[in-house]
Structure formats: C-alpha cells, structure tokens
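Enquirer: Pasting structure.cif below, which is mmCIF, C-alpha atoms.
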```
data_final
#
loop_
_atom_site.group_PDB
_atom_site.id
_atom_site.type_symbol
_atom_site.label_atom_id
_atom_site.label_comp_id
_atom_site.auth_asym_id
_atom_site.auth_seq_id
_atom_site.Cartn_x
_atom_site.Cartn_y
_atom_site.Cartn_z
ATOM 1 C CA MET C 7 -61.816 193.545 -194.358
ATOM 2 C CA LEU C 8 -58.197 194.297 -193.422
ATOM 3 C CA PHE C 9 -55.352 193.135 -195.693
ATOM 4 C CA VAL C 10 -51.567 193.362 -195.531
ATOM 5 C CA THR C 11 -50.186 194.532 -198.867
ATOM 6 C CA PHE C 12 -46.725 193.664 -200.122
ATOM 7 C CA LYS C 13 -44.663 193.517 -203.288
ATOM 8 C CA ALA C 14 -43.051 190.451 -204.772
ATOM 9 C CA SER C 15 -41.133 190.803 -208.043
ATOM 10 C CA GLY C 16 -42.589 194.302 -208.465
ATOM 11 C CA THR C 17 -46.230 193.194 -208.298
ATOM 12 C CA ARG C 18 -48.585 194.252 -205.502
ATOM 13 C CA PHE C 19 -50.357 191.512 -203.538
ATOM 14 C CA ALA C 20 -52.605 191.414 -200.479
ATOM 15 C CA LEU C 21 -53.060 188.785 -197.769
ATOM 16 C CA PRO C 22 -55.888 188.862 -195.241
ATOM 17 C CA ALA C 23 -54.405 190.470 -192.119
ATOM 18 C CA ARG C 24 -55.852 187.696 -189.961
ATOM 19 C CA SER C 25 -53.389 185.326 -191.685
ATOM 20 C CA VAL C 26 -50.335 187.359 -190.624
ATOM 21 C CA ASP C 27 -49.173 186.936 -187.023
ATOM 22 C CA GLU C 28 -46.126 189.177 -187.215
ATOM 23 C CA ILE C 29 -43.866 191.049 -189.647
ATOM 24 C CA THR C 30 -40.116 191.000 -188.991
ATOM 25 C CA PRO C 31 -37.134 192.579 -190.726
ATOM 26 C CA LEU C 32 -35.068 190.322 -192.955
ATOM 27 C CA VAL C 33 -32.629 188.362 -190.809
ATOM 28 C CA ALA C 34 -29.770 186.049 -191.675
ATOM 29 C CA LEU C 35 -31.171 182.784 -192.937
ATOM 30 C CA ASN C 36 -29.457 179.420 -192.623
ATOM 31 C CA LEU C 37 -29.462 177.584 -195.918
ATOM 32 C CA LEU C 38 -31.040 174.170 -195.907
ATOM 33 C CA PRO C 39 -29.226 171.802 -198.300
ATOM 34 C CA GLY C 40 -31.583 169.741 -200.413
ATOM 35 C CA ALA C 41 -34.596 171.964 -199.680
ATOM 36 C CA PRO C 42 -36.845 173.107 -202.548
ATOM 37 C CA ASP C 43 -35.643 176.259 -204.332
ATOM 38 C CA TYR C 44 -38.516 178.379 -202.983
ATOM 39 C CA LEU C 45 -37.347 177.743 -199.406
ATOM 40 C CA ALA C 46 -34.933 180.614 -198.715
ATOM 41 C CA GLY C 47 -33.723 179.029 -195.488
ATOM 42 C CA LEU C 48 -34.373 178.809 -191.780
ATOM 43 C CA MET C 49 -34.630 181.731 -189.377
ATOM 44 C CA ASN C 50 -34.345 181.785 -185.613
ATOM 45 C CA HIS C 51 -37.753 182.976 -184.460
ATOM 46 C CA ARG C 52 -37.962 183.305 -180.690
ATOM 47 C CA GLY C 53 -35.574 180.414 -180.167
ATOM 48 C CA LYS C 54 -37.239 178.103 -182.691
ATOM 49 C CA SER C 55 -36.247 177.175 -186.210
ATOM 50 C CA LEU C 56 -38.752 178.572 -188.716
ATOM 51 C CA PRO C 57 -38.664 177.842 -192.479
ATOM 52 C CA VAL C 58 -38.921 180.892 -194.736
ATOM 53 C CA ALA C 59 -40.412 180.665 -198.231
ATOM 54 C CA ASP C 60 -39.518 183.301 -200.818
ATOM 55 C CA MET C 61 -42.744 184.784 -202.249
ATOM 56 C CA SER C 62 -41.030 186.182 -205.364
ATOM 57 C CA LEU C 63 -39.557 182.770 -206.138
ATOM 58 C CA LEU C 64 -42.922 181.067 -205.575
ATOM 59 C CA PHE C 65 -44.767 183.575 -207.765
ATOM 60 C CA THR C 66 -42.304 184.286 -210.585
ATOM 61 C CA GLY C 67 -39.315 181.979 -210.279
ATOM 62 C CA LYS C 68 -36.998 184.918 -209.431
ATOM 63 C CA ALA C 69 -35.535 185.228 -205.934
ATOM 64 C CA SER C 70 -36.368 188.222 -203.730
ATOM 65 C CA ARG C 71 -33.739 190.903 -203.612
ATOM 66 C CA PRO C 72 -32.344 191.526 -200.114
ATOM 67 C CA TRP C 73 -33.303 195.193 -199.850
ATOM 68 C CA THR C 74 -33.616 197.113 -196.611
ATOM 69 C CA SER C 75 -37.379 196.968 -197.196
ATOM 70 C CA THR C 76 -37.414 193.140 -197.439
ATOM 71 C CA ARG C 77 -39.526 191.653 -194.660
ATOM 72 C CA ILE C 78 -40.635 188.258 -193.404
ATOM 73 C CA MET C 79 -44.322 187.797 -192.648
ATOM 74 C CA ILE C 80 -44.884 185.103 -190.027
ATOM 75 C CA VAL C 81 -48.041 183.182 -190.932
ATOM 76 C CA GLN C 82 -49.856 180.084 -189.814
ATOM 77 C CA ALA C 83 -49.452 177.722 -192.761
ATOM 78 C CA ALA C 84 -51.800 175.152 -191.232
ATOM 79 C CA PRO C 85 -53.134 174.575 -187.714
ATOM 80 C CA GLY C 86 -50.100 174.706 -185.415
ATOM 81 C CA LEU C 87 -47.637 175.177 -188.291
ATOM 82 C CA MET C 88 -45.846 178.511 -188.550
ATOM 83 C CA LEU C 89 -43.938 179.656 -191.633
ATOM 84 C CA GLY C 90 -42.104 182.781 -192.740
ATOM 85 C CA LEU C 91 -43.002 184.368 -196.081
ATOM 86 C CA MET C 92 -40.322 186.670 -197.483
ATOM 87 C CA ALA C 93 -41.561 189.709 -199.429
ATOM 88 C CA GLU C 94 -39.352 192.319 -201.057
ATOM 89 C CA ARG C 95 -41.441 195.047 -199.548
ATOM 90 C CA VAL C 96 -44.346 195.032 -197.088
ATOM 91 C CA LEU C 97 -46.351 198.158 -197.852
ATOM 92 C CA LYS C 98 -49.199 198.704 -195.403
ATOM 93 C CA ALA C 99 -52.410 197.390 -193.946
ATOM 94 C CA MET C 100 -55.396 198.377 -196.031
ATOM 95 C CA GLU C 101 -59.160 197.998 -195.836
ATOM 96 C CA LEU C 102 -60.720 196.363 -198.878
ATOM 97 C CA ASP C 103 -64.406 195.764 -199.286
ATOM 98 C CA PRO C 104 -64.762 192.022 -200.067
ATOM 99 C CA ASP C 105 -67.411 192.976 -202.641
ATOM 100 C CA SER C 106 -64.794 195.052 -204.502
ATOM 101 C CA ILE C 107 -62.606 191.984 -205.100
ATOM 102 C CA THR C 108 -63.353 190.767 -208.602
ATOM 103 C CA PRO C 109 -62.177 187.739 -210.570
ATOM 104 C CA PRO C 110 -58.864 188.381 -212.359
ATOM 105 C CA GLY C 111 -60.503 188.351 -215.790
ATOM 106 C CA ALA C 112 -57.930 185.925 -217.199
ATOM 107 C CA PRO C 113 -56.520 182.547 -216.222
ATOM 108 C CA SER C 114 -54.384 182.949 -213.114
ATOM 109 C CA ALA C 115 -52.561 181.011 -210.431
ATOM 110 C CA PRO C 116 -54.798 179.010 -208.084
ATOM 111 C CA TYR C 117 -53.800 181.176 -205.106
ATOM 112 C CA VAL C 118 -55.142 184.410 -206.690
ATOM 113 C CA LEU C 119 -58.564 184.948 -205.155
ATOM 114 C CA GLY C 120 -59.226 188.094 -207.152
ATOM 115 C CA VAL C 121 -58.158 191.632 -207.943
ATOM 116 C CA ALA C 122 -58.965 194.905 -206.209
ATOM 117 C CA THR C 123 -58.073 198.498 -207.001
ATOM 118 C CA ALA C 124 -55.995 200.538 -204.562
ATOM 119 C CA GLY C 125 -55.755 204.074 -205.861
ATOM 120 C CA ASP C 126 -54.504 203.684 -209.425
ATOM 121 C CA GLU C 127 -52.839 200.326 -208.820
ATOM 122 C CA LEU C 128 -54.254 196.814 -208.976
ATOM 123 C CA VAL C 129 -53.756 194.517 -206.010
ATOM 124 C CA GLN C 130 -53.923 190.757 -206.408
ATOM 125 C CA VAL C 131 -55.643 189.255 -203.378
ATOM 126 C CA ILE C 132 -54.221 185.857 -202.516
ATOM 127 C CA GLU C 133 -55.257 182.951 -200.318
ATOM 128 C CA ILE C 134 -52.554 181.858 -197.897
ATOM 129 C CA GLU C 135 -53.732 178.238 -197.905
ATOM 130 C CA LYS C 136 -53.127 177.976 -201.640
ATOM 131 C CA ILE C 137 -49.706 179.675 -201.780
ATOM 132 C CA ILE C 138 -47.784 177.161 -199.755
ATOM 133 C CA PRO C 139 -46.821 174.027 -201.679
ATOM 134 C CA SER C 140 -48.378 170.867 -200.248
ATOM 135 C CA ASP C 141 -44.991 169.138 -199.955
ATOM 136 C CA LEU C 142 -43.842 171.871 -197.565
ATOM 137 C CA ILE C 143 -47.004 171.527 -195.460
ATOM 138 C CA GLU C 144 -46.494 167.758 -195.259
ATOM 139 C CA SER C 145 -42.860 168.085 -194.169
ATOM 140 C CA LEU C 146 -43.797 170.728 -191.570
ATOM 141 C CA LYS C 147 -46.461 168.394 -190.197
ATOM 142 C CA ALA C 148 -43.993 165.505 -190.073
ATOM 143 C CA ALA C 149 -41.445 167.666 -188.233
ATOM 144 C CA LEU C 150 -44.113 168.797 -185.757
ATOM 145 C CA GLU C 151 -45.182 165.199 -185.081
ATOM 146 C CA ALA C 152 -41.555 164.100 -184.638
ATOM 147 C CA ALA C 153 -40.884 166.854 -182.074
#
```
Can I see the file as structure tokens?
Expert:
Amino acid sequence: MLFVTFKASGTRFALPARSVDEITPLVALNLLPGAPDYLAGLMNHRGKSLPVADMSLLFTGKASRPWTSTRIMIVQAAPGLMLGLMAERVLKAMELDPDSITPPGAPSAPYVLGVATAGDELVQVIEIEKIIPSDLIESLKAALEAA
C-alpha cells in the first residue's frame, strides 16, 4: 500500500497516499481571527479559500516552522470537504505492507493506526479521518451548505 511520509515536530508520519490529492509548497496564509490555534490560516487554492491545519500543532502543540521544505498536503477531510494539512517536511511516497504495520505498543493518540519500520526509522501510520478535529469538520460542512 502506498503512503506519503512527512515530518511534524521532528517525528516521521505516514498517510495513505489515496488520502492526499495534492502537495503544494507553503504559501502565504491569511490569518483567521477567532479560529482554533491549530488552524494556521486560509490559503487560496485554485481560486477558492481553503483552511490549513498545522500538523505539528495538532500533534505536539508546537507550530510548524516555515522552512523551505514546509509543504501543504491537500486532503479530503470528509466527502466534498477539502482541507490543507501543513507539514514541516514531506519526505516521499513509500510502499508499506499493511501486515507490517503493528500496534504502537503503548497508549497513543487515537489517530495513530500503528507503527512501521522504514530503514532504521519508525514511521507512525495515521488515519486522516481521526486527525481532523470534529469541530473543524462541522464548520466546514456548515460553510459548504451555506455556499
């Protein structure tokens, strides 16, 4: 199975590639007053406003650093709802045998499906549906219905 690997706060993660529609360079984001902290802002994506969530902030409480390697992965958060996920560094696409993904071996966040080995490094495999806070999904749905 194909995964997109990335780093957030120095830790390596993997998302199923089928969840990622596109990967873009970091662009200027418009701040959204009153938005949750994990929402880095809005980006102009093909003429439409797209919210961008900061993966490092969601995972560790520390904001992503705006490096030249920082990217935004465009994902489908729910049917018809697109969202940008900011990662400090998108590494590569990688094949992982689903049978090689094992439970983390310790209590972990609900979005961590399991752990796989990539060379000498561990990769935490995550489920996109469980990363995105439900309040963000609900507000995206409301905005879509209002449009």
Enquirer: Mind working out the centre and edge lengths of an axis-aligned box for range 130-149 of chain C, all listed atoms inside, 5 Å added to each side, rounded to one decimal in Å and written as AutoDock Vina command-line options?
Expert:
```
--center_x -48.5 --center_y 178.1 --center_z -197.3 --size_x 24.2 --size_y 35.3 --size_z 28.2
```
Enquirer: With only C-alpha atoms as the basis for distance, which of C:Glu135, C:Glu151, C:Val96, C:Ile143 is at the shortest distance from Arg18 in chain C?
Expert: C:Val96
Enquirer: Go through the shown structure with the PyMOL selection byres ((chain C and resi 85) around 12) and write out the matching residues as a short mmCIF file (atom, residue, chain, number, x, y, z; two decimals) with C-alpha atoms, keeping the file's coordinate frame.
Expert:
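Full text of expr_8.cif as output:
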```cif
data_model
loop_
_atom_site.label_atom_id
_atom_site.label_comp_id
_atom_site.auth_asym_id
_atom_site.auth_seq_id
_atom_site.Cartn_x
_atom_site.Cartn_y
_atom_site.Cartn_z
CA SER C 25 -53.39 185.33 -191.68
CA VAL C 81 -48.04 183.18 -190.93
CA GLN C 82 -49.86 180.08 -189.81
CA ALA C 83 -49.45 177.72 -192.76
CA ALA C 84 -51.80 175.15 -191.23
CA GLY C 86 -50.10 174.71 -185.42
CA LEU C 87 -47.64 175.18 -188.29
CA MET C 88 -45.85 178.51 -188.55
CA LEU C 89 -43.94 179.66 -191.63
CA GLU C 135 -53.73 178.24 -197.90
CA ILE C 143 -47.00 171.53 -195.46
CA LEU C 146 -43.80 170.73 -191.57
CA LYS C 147 -46.46 168.39 -190.20
CA LEU C 150 -44.11 168.80 -185.76
#
```
Enquirer: Assuming the chain letters and numbering stay as they are in my file, what does the PyMOL selection byres ((chain C and resi 62) around 10) actually select? List them as a JSON list (two decimals) with C-alpha atoms, keeping the file's coordinate frame.
Expert:
```
[["chain", "number", "residue", "atom", "x", "y", "z"],
["C", 13, "LYS", "CA", -44.66, 193.52, -203.29],
["C", 14, "ALA", "CA", -43.05, 190.45, -204.77],
["C", 15, "SER", "CA", -41.13, 190.80, -208.04],
["C", 16, "GLY", "CA", -42.59, 194.30, -208.46],
["C", 17, "THR", "CA", -46.23, 193.19, -208.30],
["C", 44, "TYR", "CA", -38.52, 178.38, -202.98],
["C", 59, "ALA", "CA", -40.41, 180.66, -198.23],
["C", 60, "ASP", "CA", -39.52, 183.30, -200.82],
["C", 61, "MET", "CA", -42.74, 184.78, -202.25],
["C", 63, "LEU", "CA", -39.56, 182.77, -206.14],
["C", 64, "LEU", "CA", -42.92, 181.07, -205.58],
["C", 65, "PHE", "CA", -44.77, 183.58, -207.76],
["C", 66, "THR", "CA", -42.30, 184.29, -210.58],
["C", 67, "GLY", "CA", -39.32, 181.98, -210.28],
["C", 68, "LYS", "CA", -37.00, 184.92, -209.43],
["C", 69, "ALA", "CA", -35.53, 185.23, -205.93],
["C", 70, "SER", "CA", -36.37, 188.22, -203.73],
["C", 71, "ARG", "CA", -33.74, 190.90, -203.61],
["C", 91, "LEU", "CA", -43.00, 184.37, -196.08],
["C", 92, "MET", "CA", -40.32, 186.67, -197.48],
["C", 93, "ALA", "CA", -41.56, 189.71, -199.43],
["C", 94, "GLU", "CA", -39.35, 192.32, -201.06]]
```
Enquirer: Find the residue from C:Leu97, C:Ile132, C:Leu32, C:Leu37 that sits nearest to Ser114 in chain C; use all atoms listed in the file when measuring.
Expert: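 Among the listed residues, C:Ile132 lies closest to Ser114 in chain C.
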Enquirer: In Å, rounded to a single decimal, give me how far CA of Met100 in chain C is from CA of Gly120 in chain C.
Expert: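 Distance between the two atoms: 15.6 Å.
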Enquirer: Can you list what the PyMOL selection byres ((chain C and resi 41) around 12) grabs from this structure, as a PyMOL selection string?
Expert: chain C and resi 36-40+42-48+57-59+141-142+145
Enquirer: What separation in Å, quoted to one decimal, exists between CA of Ile29 in chain C and CA of Thr11 in chain C?
Expert: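 Separation of CA of Ile29 in chain C and CA of Thr11 in chain C: 11.7 Å.
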Enquirer: So which residues touch range 20-23 of chain C within 8 Å, counting only C-alpha atoms, skipping near sequence neighbours fewer than 6 positions away, as a PyMOL selection string?
Expert: chain C and resi 7-12+99+129-134
Enquirer: Please report the interatomic distance between CA of Val33 in chain C and CA of Arg95 in chain C in Å with one decimal.
Expert: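 For CA of Val33 in chain C relative to CA of Arg95 in chain C, the distance reads 14.1 Å.
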Enquirer: In terms of the shortest atom-to-atom distance over all atoms listed in the file, which of C:Ile138, C:Ile80, C:Ala124, C:Ala115 is closest to Arg24 in chain C?
Expert: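 With all atoms listed in the file as the atom set, the closest residue is C:Ile80.
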Enquirer: In the coordinate frame of the file, compute which residues have an atom within 10 Å of (-42.0, 183.6, -181.5) when using all atoms listed in the file, and state them as a PyMOL selection string.
Expert: chain C and resi 27-28+50-56+80+88
